[in-house]
Every structure is written in C-alpha cells, then in structure tokens.
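Please read the structure below before turning to the comments.
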Amino acid sequence: MCMLDTHSRRIEWARAVLLGLYLFVLCSLLASLEIQIEGPNGWAADLPTWRTTNPAFTWIFGGKPVTGYHIFLNLTLIAFFHFPLLFVRPSIRAESRILFAYSAISVVWDFLWFAYNPYFGMSRYGPEQVWWFKNWFLGVPVDYFVGLAVSLGFWLLPVYFRQDRLVKRLVEWGAATGVLVSLSAAAAAAIYLVNVG
C-alpha cells in the first residue's frame, strides 16, 4: 500500500512538472504572437481597439486601461482552456487546474512579452518605460504576485471542497509553478546575455 502511494505521488508530481513545461511553451507562443501584434507599443497602445480608463472597469486589469483587445483575447483563452471539458466529466479538480493554468500563464506570458520583445527586452523592463503597470515590488509588477497568489488559490480549490489534501496540492503547485517561473527566468536571462554580449 505504501509503495502504491509513493508511486501515485511520483506520477502526480511528474504531471505537475509536465504541466509547468507545457505552460512555459504556451506562454512563449502567446508572448511571441502578441509581440507580432503590438510591436513596441505595449498594452495595445496603438491598436485599433476600444479602450476605457474609467476606474469602475480598470480594476479588472489592476488599474490598467481596459481594451477590447485584452477583453476578447482573455475570453478566447478562457474558452480554449475549457474546451477539454466537452469530452471529460467536469469536476472541481479539472476546473481548478484550468483556472490555475489561465492565471499562471497570465503572469508569465506577460513577463515573456518583455523578455522576448526586441523593442523592450529586460534593459527597458521597469516602471519608467512600462507605464501600464502602476506598482512594482522587487523589480516586477505587483500584479505578478497577485496573479501567482490567485493561481495558488485556484489550485487549492479541491482542498476547500475536501477532495484533496493541502500538502499534496501545495507540492504539486510548487512543482508546476516552479518549472514555469524557472524556465521563464532562464529564458529572460539567456536572451539578455545574448543581447548584451
């Protein structure tokens, strides 16, 4: 029985690592696509899209202007993430993974937009050049910490509904998020070093 539990834990941990790898690839693709769309003008500054700076709505994006581009891009992603639920039985566990994945990629894909963008790069990554992020902490927008905390909250939903154990879920979240964030930091560092050298 103990060996079976250990084997099951290894499988769940390996799935979490694979999820982190998959999400990194997805973030890289999204960041690259968005660079092609926005170029040097972050937060859809020069796109032909509607926008509002009304505080009644800007809280949705952490104080940034709300644009049609960002609303429909994010709704499309949420719809794509839910597509597999058409073929499997919906569950709290499946929904928690979907919402985790969406909130985690929102942070990392945004970061990679800067890292991969030849018009920005890490040398222009800061509050002076990135006007759409209002608050920064430890060299990154506060929104990133909020996004990762939200991703953890979503990952822990099965614990709240008493369908899983807290420690198990924390370890899995740490594995998936650790792989995702580590690969992103490594990619940003590698690109920065190549551009500096």
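Numbering starts fresh at 1 for the residues of each chain in the structure tokens, the chains themselves are lettered A, B, ... in the order given, and ligands are numbered from 1 as they appear.
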
Problem set entry | Contact residues around Val146 of chain A with only C-alpha atoms at 10 Å, ignoring same-chain residues under 4 positions, as JSON, numbers by chain | {"A": [62, 103, 107, 141, 142, 150, 151, 152]}

Just-selected residues, N, CA and C atoms written as a JSON list (two decimals), in the first residue's frame:
[["chain", "number", "residue", "atom", "x", "y", "z"],
["A", 62, "GLY", "N", -5.99, 45.48, -12.95],
["A", 62, "GLY", "CA", -5.04, 46.05, -11.99],
["A", 62, "GLY", "C", -4.77, 47.53, -12.20],
["A", 103, "SER", "N", -4.51, 31.63, -14.88],
["A", 103, "SER", "CA", -3.94, 32.71, -14.06],
["A", 103, "SER", "C", -2.42, 32.67, -14.05],
["A", 107, "VAL", "N", 0.54, 35.72, -15.91],
["A", 107, "VAL", "CA", 1.73, 36.35, -15.34],
["A", 107, "VAL", "C", 2.94, 36.12, -16.23],
["A", 141, "PRO", "N", 6.19, 43.92, -11.55],
["A", 141, "PRO", "CA", 4.89, 44.49, -11.19],
["A", 141, "PRO", "C", 4.22, 43.69, -10.08],
["A", 142, "VAL", "N", 3.56, 44.41, -9.18],
["A", 142, "VAL", "CA", 2.82, 43.76, -8.09],
["A", 142, "VAL", "C", 1.76, 42.81, -8.65],
["A", 150, "VAL", "N", -3.36, 34.19, -6.91],
["A", 150, "VAL", "CA", -4.65, 33.73, -7.44],
["A", 150, "VAL", "C", -4.51, 32.32, -8.02],
["A", 151, "SER", "N", -3.40, 32.06, -8.72],
["A", 151, "SER", "CA", -3.20, 30.72, -9.27],
["A", 151, "SER", "C", -3.13, 29.67, -8.16],
["A", 152, "LEU", "N", -2.48, 30.02, -7.06],
["A", 152, "LEU", "CA", -2.44, 29.11, -5.91],
["A", 152, "LEU", "C", -3.83, 28.88, -5.34]]

Exercise. So which residues touch Ser123 of chain A within 12 Å, counting only C-alpha atoms, skipping near sequence neighbours fewer than 5 positions away, as a PyMOL selection string?
Worked result: chain A and resi 114-118+128-130+139+188-189+191-193+195-196

Exercise. What is the distance between atom CA of Trp136 of chain A and atom CA of Ala149 of chain A, in Å to one decimal?
Worked result: 15.8 Å

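Counting only C-alpha atoms, Gly147 of chain A has the following residues at most 12 Å away, ignoring those fewer than 5 positions along the same chain: Phe61, Gly62, Leu99, Phe100, Ala101, Tyr102, Ser103, Ala104, Ile105, Ser106, Val107, Val108, Trp109, Asp110, Phe111, Pro141, Val142, Leu152, Gly153, Phe154 and Thr177 of chain A.
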
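Here the question is which of A:Tyr22, A:Trp113, A:Phe145, A:Trp13 gets nearest to Gly39 of chain A using only C-alpha atoms, and that residue is A:Trp113.
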
Problem set entry | Atom pair atom CA of Asp143 of chain A / atom CA of Ile92 of chain A: separation (Å) |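 Separating atom CA of Asp143 of chain A from atom CA of Ile92 of chain A is a distance of 25.7 Å.
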
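Checking A:Tyr125, A:Phe80, A:Trp43, A:Phe24 one by one against Thr67 of chain A, counting only C-alpha atoms, you find the shortest gap at A:Trp43.
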
For this session: Taking the DSSP assignment computed from this structure's backbone, write out as a PyMOL selection string all residues of segment 87-175 of chain A that belong to alpha helix (DSSP H).
Result: chain A and resi 92-116+142-155+157-160+166-175

Exercise. By how many Å are atom CA of Tyr119 of chain A and atom CA of Leu33 of chain A apart?
Worked result: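 About the pair atom CA of Tyr119 of chain A and atom CA of Leu33 of chain A: they are 14.3 Å apart.
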
Would you list the contacts of Ile71 of chain A as a compact mmCIF listing (two decimals) with C-alpha atoms, in the first residue's frame, taking every protein, DNA or RNA residue within 12 Å and counting only C-alpha atoms, but skipping same-chain residues closer than 4 positions in sequence?
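Writing the result to selection_5.txt gives the following:
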# COMPACT_ATOMS: atom_id res chain seq x y z
CA TRP A 43 -0.79 47.35 -23.67
CA ALA A 44 -2.36 47.73 -27.12
CA THR A 49 -9.43 48.80 -30.34
CA TRP A 50 -11.80 50.46 -27.93
CA ARG A 51 -10.41 51.38 -24.52
CA THR A 52 -11.59 52.89 -21.28
CA PHE A 57 -13.64 48.98 -15.03
CA THR A 58 -9.85 49.37 -14.84
CA ILE A 60 -10.25 44.30 -13.77
CA PHE A 61 -6.70 44.68 -15.11
CA PRO A 65 -6.82 50.65 -19.26
CA VAL A 66 -9.41 48.11 -20.33
CA THR A 67 -9.29 47.43 -24.07
CA LEU A 75 -12.09 35.45 -23.04
CA THR A 76 -10.78 33.44 -26.01
CA LEU A 77 -8.06 31.90 -23.84
CA ILE A 78 -10.53 31.02 -21.09

Exercise. Which is closest to Tyr144 of chain A among A:Thr6, A:Val181, A:Asp164, A:Val25, if we use only C-alpha atoms?
Worked result: A:Val181

Exercise. Restricting the calculation to only C-alpha atoms, which member of A:Leu23, A:Leu170, A:Leu148, A:Ala45 is positioned closest to Lys64 of chain A?
Worked result: A:Ala45

For this session: Looking only at strand (DSSP E) from DSSP on the backbone, list the matching residues of segment 39-129 of chain A as a VMD selection string.
Result: chain A and resid 51 to 52 66 to 67
